[in-house]
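In what follows, a single structure is set out as structure tokens and then discussed.
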Amino acid sequence: MMNSSVILAHIDPVTRREQTLAEHSEKTARLCEKYCEKIGMAKLGRLVGLLHDSGKATNAFQQYLETSNESLRGKIPHSFCGARYSLQMGESNSAIEKLTAEFLATAICAHHSGLPDVTGVDASDNLHRRAWPEKEVHYEEALEGFFRDIPRESLTLLFQEAQKETANFCTKIRNICGEIPPATRNQTFYFMLGLLQRYLFSCLIDADRYDTFLFEAQQKAEPEPNLPELWSRLAANLEEHLKNFPLDTPINRKRREISDQCYAFSRHATGIFRLSVPTGSGKTMASLRYALNCAKQNGKERIFYIAPYKSILDQNAEEIRKALKIHNDTILLEHHSDVVVDTDDAKVAARYRLLTERWNTPMILTTAVQFLNTLFDGRSACARRMHSLANSVIILDEFQAFPVKCTNMLNAALNFLAYACNCSVVLCTATQPESEEIPVPLLFGEPSQMTSRLEETFAAFRRTRTVDKTSDGPLSAEQLADFALERLALCDNLLMVFNTKAAAKAVYRSLTERMNQQPPEERIPIFCLTTSQCAQHRMDLIREIQSRLADGRPRANRMICVSTQLIEAGVDLSFQCVVRSFAGLDSAAQAAGRCNRHGESTCRDVFLVRCAEENLSRLQDIQRAQEAADQVLQDFSGNSAQFHEELLSPEAVRRYYHYYFDLQRAQLNYPVTEKDDPALFAPTSLFDLLSVNSLAKKFTREHRVSLPAHPIHQAYATAGRIFQAIDNSGTNVIVPYGAGEDLIQQLYAKPDLSVLPKLLRQAQRYSVNLFPYERSQLEEFRAIDIIEDVGVMVLRKEFYSMDLGVQMQREEMDSLIV
């Protein structure tokens, strides 16, 4: 029995302020109800908020709060209580009742430790173990205390209403999955049930943590923005900005036509839509124009702009802020790893962290990595943001660049967001992959295309002709350098794009050697851009290149730029000629977007070549892209008329994706093996683990045991541990470039812990990610130093080139040291 008449949820250890369990439960329930109402699950949300901390109503937990004994943190469980009570409410034979109970129990038992494997891959009943832990937990005592303030009858009524919501939601996703091919329909249905579980979990942990934060910080919740007024004002600002765009050329007039079509399309509020327009057609501003007006007309709560690369955000974030006249983070949040909150104000820095954890600003600009983590990563901090996606406009830029291994999971998630969460999803790309032949296709709205006359639009923006030189065979770095100089005799500047850093560096060196042999007055600048350079270094080089290209003086814009594919998206550069090392046709199209970008000339050449210096053994996606593109080249040589005599026509790109996804079919489910997680005993996929968990069923057959009696069996924790949007196996090393050199010295000086986080955030722009083999090579030369007290790695100065960045190979280092 509880001794105190007041049951507490929190006590401030410093001020001894108290928050009662009833108050915290009610406030959390209101927030959960509000978040879940957006998808028609308000009662379920309210119920999970009320029950989540019911286990705190025991003498043991109340004494822990009174004593503030840190040694007991996490050792007195409380989440078991609401989970067990939920499962006991669902003990009848009704499938919907059991499913509703499982949704509640899983979210509650996970709200401090993350979503569990409901059923383990070894068929273990992890959910039951969480609700019935093997220790004394005083369940009856907790319920008795909890029911003093929260009547049991009200919970029973909420549970009955929540079952109706669950039934309706199941019907909704059954209807969505009715358009999925039969082979993957059932699996997709269970995958979407798992997404609903993650959504409920997101609502609970955000509501719980936010109310706790407000109590501890002694703050009131920030006022909700006046969204109708905000969207109207931002839309008006954009219209004013667009008036300044010239209409003096056919291309500029076509850009305005595309923009106007996107504006007219804004009445379409729910669904998945394509913005398939050529590179350089102004799709960023056109998609933003759609988003603002769609939000204004249809009551959307947020606008997300999501790009696959930070380089795109670096450029577009500044452009968007300028166009919309946004000057602070109360309206627009930029969230990616290169963002540095340059402030000594701890409250400002804490506010930014809170914003990135919650995504509750009206506009969010972020990366594909953060978006995919929100949907699939196992960390609670990632899942917390998911509910913020509901009832929003989601712009996915350069959609073709999203990871192939995530295809089926991402497609199912986008269908879920569009048709179960009332989102408008816009896929922006010049090379749109077809999804109809993918096992889990995207379900496009009607009409699917935001702009009309696709072939005509691409023809209007055709500023290049593609010249296939791949039949010449693999060319050495020296041959490619000679080829570049031959082409430069017919133009002023040239871009070369390669698939690997090693190839780009080799061609750069060959070009530099040849240039050094020229008379001084004939020499021109040679630039190299790769991820061996830190982000600040690349940005400085790109700005210099942009300045030179814009210089109208004679010979001022003469140059050659050698780059990896990082230059192909989000970098507004226009060269007179482009040479692209052979990869997929999507890569060729992106490279062509850096050639004659604004129609400065009638038509310019884009050459496709094979590079002998490229080792693609670690780049299987590019290998398959080459195979698919090779098949299109064969089709083209046999009948070029079917592609309108252009190798990068929409029809050719469609054919390319048909071949590409056929070759990638085994990768689309995110395949995993025992190497990815020791818990696995056989190959499977993340799509399977997050839907039907076939490994658990396989285990029951092989070991003659029963499957736990749950309606769904997702292995959330196992999948969450394995998931990586991109390969994170590398190591960041801080390099001595520019201000990075001073940052390294400050880190060596053992800075005060109060300033260390700021220094580390600043160092992100001066860091290079090393793959394991690169780190190993550098360690052989003792090129890396570890600052033990700070826990960071730094590169010795003599191993960083102001031309090429981090140097790897022995001959490079020897020449530098000499």
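Ligands are numbered from 1 in the order shown, chains are lettered A, B, ... in the order of the structure tokens, and residues start at 1 in each chain.
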Pick out the residues sitting within 12 Å of Asp688 in chain A, and hand them over as a PyMOL selection string; count only C-alpha atoms, and ignore anything fewer than 2 positions along from it in its own chain.
chain A and resi 121+184+186-192+194+408-409+668-672+683-686+690-697+713-716+718-719
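You will find CA of Ala207 in chain A at 5.1 Å from CA of Thr28 in chain A.
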Give me the residues near Ile11 in chain A as a ChimeraX atom specification, where near means some atom within 12 Å (using only C-alpha atoms) and where sequence neighbours in that chain fewer than 5 positions away do not count.
/A:16-21,24,61-69,212,215-216
Residue set, range 376-532 of chain A restricted to strand (DSSP E or B), as an MDAnalysis selection string:
chainID A and resid 392:397 424:429 449 464:468 474:475 493:498 526:529
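With only C-alpha atoms as the atoms that count, the residue of A:His241, A:Arg46, A:His111, A:His138 with the shortest distance to Asn59 in chain A is A:His138.
Restricting the calculation to only C-alpha atoms, the smallest distance between Leu663 in chain A and any of A:Ser424, A:Gln623, A:Gln764, A:Gln590 is found for A:Gln623.
Residues within 12 Å of Val6 in chain A, counting only C-alpha atoms and excluding same-chain residues fewer than 2 positions away, are Met2, Asn3, Ser4, Leu8, Ala9, His10, Glu18, Gln19, Thr20, Leu21, Ala22, Glu23, Lys56, Ala57, Thr58, Asn59, Gln62, Gly145, Phe146, Arg148 and Asp149 of chain A.
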Output of the above residues as a PDB file, in the first residue's frame, restricted to N, CA, C and O atoms:
ATOM      1  N   MET A   2       0.420   2.254  -0.753  1.00  0.00           N
ATOM      2  CA  MET A   2       1.129   3.528  -0.786  1.00  0.00           C
ATOM      3  C   MET A   2       0.916   4.255   0.535  1.00  0.00           C
ATOM      4  O   MET A   2      -0.202   4.345   1.042  1.00  0.00           O
ATOM      5  N   ASN A   3       2.010   4.799   1.100  1.00  0.00           N
ATOM      6  CA  ASN A   3       1.909   5.527   2.355  1.00  0.00           C
ATOM      7  C   ASN A   3       1.517   6.983   2.137  1.00  0.00           C
ATOM      8  O   ASN A   3       0.829   7.589   2.949  1.00  0.00           O
ATOM      9  N   SER A   4       1.984   7.559   1.039  1.00  0.00           N
ATOM     10  CA  SER A   4       1.741   8.978   0.790  1.00  0.00           C
ATOM     11  C   SER A   4       0.402   9.168   0.108  1.00  0.00           C
ATOM     12  O   SER A   4      -0.051   8.331  -0.666  1.00  0.00           O
ATOM     13  N   LEU A   8       3.928  10.708  -6.922  1.00  0.00           N
ATOM     14  CA  LEU A   8       4.728  11.620  -7.750  1.00  0.00           C
ATOM     15  C   LEU A   8       5.290  10.904  -8.977  1.00  0.00           C
ATOM     16  O   LEU A   8       5.547   9.697  -8.965  1.00  0.00           O
ATOM     17  N   ALA A   9       5.490  11.695 -10.031  1.00  0.00           N
ATOM     18  CA  ALA A   9       6.185  11.214 -11.234  1.00  0.00           C
ATOM     19  C   ALA A   9       7.609  11.718 -11.259  1.00  0.00           C
ATOM     20  O   ALA A   9       8.527  11.016 -11.704  1.00  0.00           O
ATOM     21  N   HIS A  10       7.824  12.969 -10.785  1.00  0.00           N
ATOM     22  CA  HIS A  10       9.155  13.582 -10.825  1.00  0.00           C
ATOM     23  C   HIS A  10       9.373  14.453  -9.589  1.00  0.00           C
ATOM     24  O   HIS A  10       8.427  15.066  -9.086  1.00  0.00           O
ATOM     25  N   GLU A  18       7.910  19.309  -7.234  1.00  0.00           N
ATOM     26  CA  GLU A  18       7.283  18.014  -7.462  1.00  0.00           C
ATOM     27  C   GLU A  18       6.276  18.082  -8.600  1.00  0.00           C
ATOM     28  O   GLU A  18       5.603  19.100  -8.792  1.00  0.00           O
ATOM     29  N   GLN A  19       6.198  16.989  -9.347  1.00  0.00           N
ATOM     30  CA  GLN A  19       5.144  16.823 -10.344  1.00  0.00           C
ATOM     31  C   GLN A  19       4.430  15.517 -10.025  1.00  0.00           C
ATOM     32  O   GLN A  19       5.061  14.458  -9.940  1.00  0.00           O
ATOM     33  N   THR A  20       3.140  15.596  -9.847  1.00  0.00           N
ATOM     34  CA  THR A  20       2.403  14.378  -9.491  1.00  0.00           C
ATOM     35  C   THR A  20       2.293  13.451 -10.690  1.00  0.00           C
ATOM     36  O   THR A  20       2.364  13.879 -11.852  1.00  0.00           O
ATOM     37  N   LEU A  21       2.094  12.184 -10.392  1.00  0.00           N
ATOM     38  CA  LEU A  21       1.914  11.192 -11.452  1.00  0.00           C
ATOM     39  C   LEU A  21       0.652  11.497 -12.250  1.00  0.00           C
ATOM     40  O   LEU A  21       0.630  11.353 -13.477  1.00  0.00           O
ATOM     41  N   ALA A  22      -0.398  11.927 -11.557  1.00  0.00           N
ATOM     42  CA  ALA A  22      -1.656  12.240 -12.252  1.00  0.00           C
ATOM     43  C   ALA A  22      -1.455  13.388 -13.244  1.00  0.00           C
ATOM     44  O   ALA A  22      -1.953  13.346 -14.376  1.00  0.00           O
ATOM     45  N   GLU A  23      -0.702  14.413 -12.819  1.00  0.00           N
ATOM     46  CA  GLU A  23      -0.476  15.565 -13.700  1.00  0.00           C
ATOM     47  C   GLU A  23       0.361  15.168 -14.914  1.00  0.00           C
ATOM     48  O   GLU A  23       0.024  15.497 -16.055  1.00  0.00           O
ATOM     49  N   LYS A  56       5.057   3.693 -11.588  1.00  0.00           N
ATOM     50  CA  LYS A  56       5.719   4.550 -10.595  1.00  0.00           C
ATOM     51  C   LYS A  56       4.936   4.615  -9.283  1.00  0.00           C
ATOM     52  O   LYS A  56       5.437   5.143  -8.286  1.00  0.00           O
ATOM     53  N   ALA A  57       3.724   4.085  -9.273  1.00  0.00           N
ATOM     54  CA  ALA A  57       2.864   4.189  -8.089  1.00  0.00           C
ATOM     55  C   ALA A  57       3.143   3.067  -7.095  1.00  0.00           C
ATOM     56  O   ALA A  57       2.240   2.360  -6.640  1.00  0.00           O
ATOM     57  N   THR A  58       4.426   2.892  -6.759  1.00  0.00           N
ATOM     58  CA  THR A  58       4.812   1.922  -5.742  1.00  0.00           C
ATOM     59  C   THR A  58       5.669   2.621  -4.696  1.00  0.00           C
ATOM     60  O   THR A  58       6.315   3.643  -4.975  1.00  0.00           O
ATOM     61  N   ASN A  59       5.698   2.071  -3.495  1.00  0.00           N
ATOM     62  CA  ASN A  59       6.535   2.637  -2.441  1.00  0.00           C
ATOM     63  C   ASN A  59       7.999   2.675  -2.861  1.00  0.00           C
ATOM     64  O   ASN A  59       8.715   3.642  -2.589  1.00  0.00           O
ATOM     65  N   GLN A  62       8.582   5.552  -5.252  1.00  0.00           N
ATOM     66  CA  GLN A  62       8.414   6.834  -4.574  1.00  0.00           C
ATOM     67  C   GLN A  62       9.598   7.121  -3.647  1.00  0.00           C
ATOM     68  O   GLN A  62      10.068   8.263  -3.552  1.00  0.00           O
ATOM     69  N   GLY A 145      -2.367   2.100  -6.492  1.00  0.00           N
ATOM     70  CA  GLY A 145      -2.004   3.506  -6.356  1.00  0.00           C
ATOM     71  C   GLY A 145      -2.384   4.327  -7.573  1.00  0.00           C
ATOM     72  O   GLY A 145      -2.890   5.453  -7.448  1.00  0.00           O
ATOM     73  N   PHE A 146      -2.176   3.755  -8.752  1.00  0.00           N
ATOM     74  CA  PHE A 146      -2.476   4.473  -9.995  1.00  0.00           C
ATOM     75  C   PHE A 146      -3.962   4.766 -10.123  1.00  0.00           C
ATOM     76  O   PHE A 146      -4.374   5.857 -10.544  1.00  0.00           O
ATOM     77  N   ARG A 148      -6.057   5.439  -7.957  1.00  0.00           N
ATOM     78  CA  ARG A 148      -6.565   6.494  -7.072  1.00  0.00           C
ATOM     79  C   ARG A 148      -6.925   7.754  -7.873  1.00  0.00           C
ATOM     80  O   ARG A 148      -7.891   8.443  -7.559  1.00  0.00           O
ATOM     81  N   ASP A 149      -6.093   8.031  -8.867  1.00  0.00           N
ATOM     82  CA  ASP A 149      -6.279   9.268  -9.637  1.00  0.00           C
ATOM     83  C   ASP A 149      -6.828   9.020 -11.046  1.00  0.00           C
ATOM     84  O   ASP A 149      -7.403   9.912 -11.655  1.00  0.00           O
TER      85      ASP A 149
END
Excluding Ser25 in chain A and its own-chain neighbours fewer than 6 positions away, which residues fall within 9 Å of it when counting only C-alpha atoms? Please give them as an mmCIF file with N, CA and C atoms, in the first residue's frame.
data_model
loop_
_atom_site.group_PDB
_atom_site.id
_atom_site.type_symbol
_atom_site.label_atom_id
_atom_site.label_comp_id
_atom_site.auth_asym_id
_atom_site.auth_seq_id
_atom_site.Cartn_x
_atom_site.Cartn_y
_atom_site.Cartn_z
ATOM 1 N N ALA A 9 5.490 11.695 -10.031
ATOM 2 C CA ALA A 9 6.185 11.214 -11.234
ATOM 3 C C ALA A 9 7.609 11.718 -11.259
ATOM 4 N N GLY A 49 -0.668 7.311 -23.250
ATOM 5 C CA GLY A 49 -0.123 8.368 -22.419
ATOM 6 C C GLY A 49 -0.508 8.233 -20.960
ATOM 7 N N LEU A 50 -1.733 7.833 -20.709
ATOM 8 C CA LEU A 50 -2.185 7.661 -19.321
ATOM 9 C C LEU A 50 -1.467 6.503 -18.633
ATOM 10 N N LEU A 51 -1.261 5.406 -19.339
ATOM 11 C CA LEU A 51 -0.753 4.181 -18.721
ATOM 12 C C LEU A 51 0.770 4.118 -18.605
ATOM 13 N N HIS A 52 1.502 4.940 -19.344
ATOM 14 C CA HIS A 52 2.926 4.664 -19.544
ATOM 15 C C HIS A 52 3.736 4.654 -18.247
ATOM 16 N N ASP A 53 3.393 5.508 -17.263
ATOM 17 C CA ASP A 53 4.174 5.580 -16.027
ATOM 18 C C ASP A 53 3.428 5.020 -14.820
ATOM 19 N N SER A 54 2.411 4.207 -15.067
ATOM 20 C CA SER A 54 1.599 3.698 -13.943
ATOM 21 C C SER A 54 2.429 2.910 -12.951
ATOM 22 N N ASP A 208 6.157 12.199 -23.495
ATOM 23 C CA ASP A 208 6.723 11.948 -22.171
ATOM 24 C C ASP A 208 7.958 12.814 -21.940
#
Within 7 Å of Leu275 in chain A using only C-alpha atoms, minus same-chain residues under 6 positions, as a list in words:
Val426, Leu427, Cys428, Thr429, Gln449, Met450 and Thr451 of chain A
May I have the residues from that selection written out with N, CA, C and O atoms, as an mmCIF file, in the first residue's frame?
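The resulting file, part_36.cif, is reproduced below:
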data_model
loop_
_atom_site.group_PDB
_atom_site.id
_atom_site.type_symbol
_atom_site.label_atom_id
_atom_site.label_comp_id
_atom_site.auth_asym_id
_atom_site.auth_seq_id
_atom_site.Cartn_x
_atom_site.Cartn_y
_atom_site.Cartn_z
ATOM 1 N N VAL A 426 6.406 14.375 -52.570
ATOM 2 C CA VAL A 426 6.846 14.813 -53.893
ATOM 3 C C VAL A 426 8.231 14.239 -54.164
ATOM 4 O O VAL A 426 9.172 14.474 -53.397
ATOM 5 N N LEU A 427 8.358 13.473 -55.230
ATOM 6 C CA LEU A 427 9.630 12.891 -55.628
ATOM 7 C C LEU A 427 10.219 13.737 -56.744
ATOM 8 O O LEU A 427 9.686 13.767 -57.854
ATOM 9 N N CYS A 428 11.299 14.436 -56.447
ATOM 10 C CA CYS A 428 11.929 15.340 -57.412
ATOM 11 C C CYS A 428 13.170 14.686 -57.998
ATOM 12 O O CYS A 428 14.049 14.256 -57.254
ATOM 13 N N THR A 429 13.258 14.619 -59.281
ATOM 14 C CA THR A 429 14.468 14.130 -59.927
ATOM 15 C C THR A 429 14.359 14.342 -61.421
ATOM 16 O O THR A 429 13.272 14.389 -61.986
ATOM 17 N N GLN A 449 2.008 12.817 -62.324
ATOM 18 C CA GLN A 449 2.993 13.820 -62.726
ATOM 19 C C GLN A 449 2.487 15.221 -62.403
ATOM 20 O O GLN A 449 1.349 15.573 -62.725
ATOM 21 N N MET A 450 3.348 16.031 -61.768
ATOM 22 C CA MET A 450 2.967 17.394 -61.421
ATOM 23 C C MET A 450 3.041 18.327 -62.628
ATOM 24 O O MET A 450 2.421 19.396 -62.622
ATOM 25 N N THR A 451 3.815 17.937 -63.633
ATOM 26 C CA THR A 451 3.929 18.755 -64.843
ATOM 27 C C THR A 451 3.511 17.922 -66.043
ATOM 28 O O THR A 451 3.593 16.699 -66.018
#
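Distance annotation: of A:Ile364, A:Ala123, A:Val425, A:Ala666, the residue with the minimal separation from Phe699 in chain A is A:Ala123; atom set is only C-alpha atoms.
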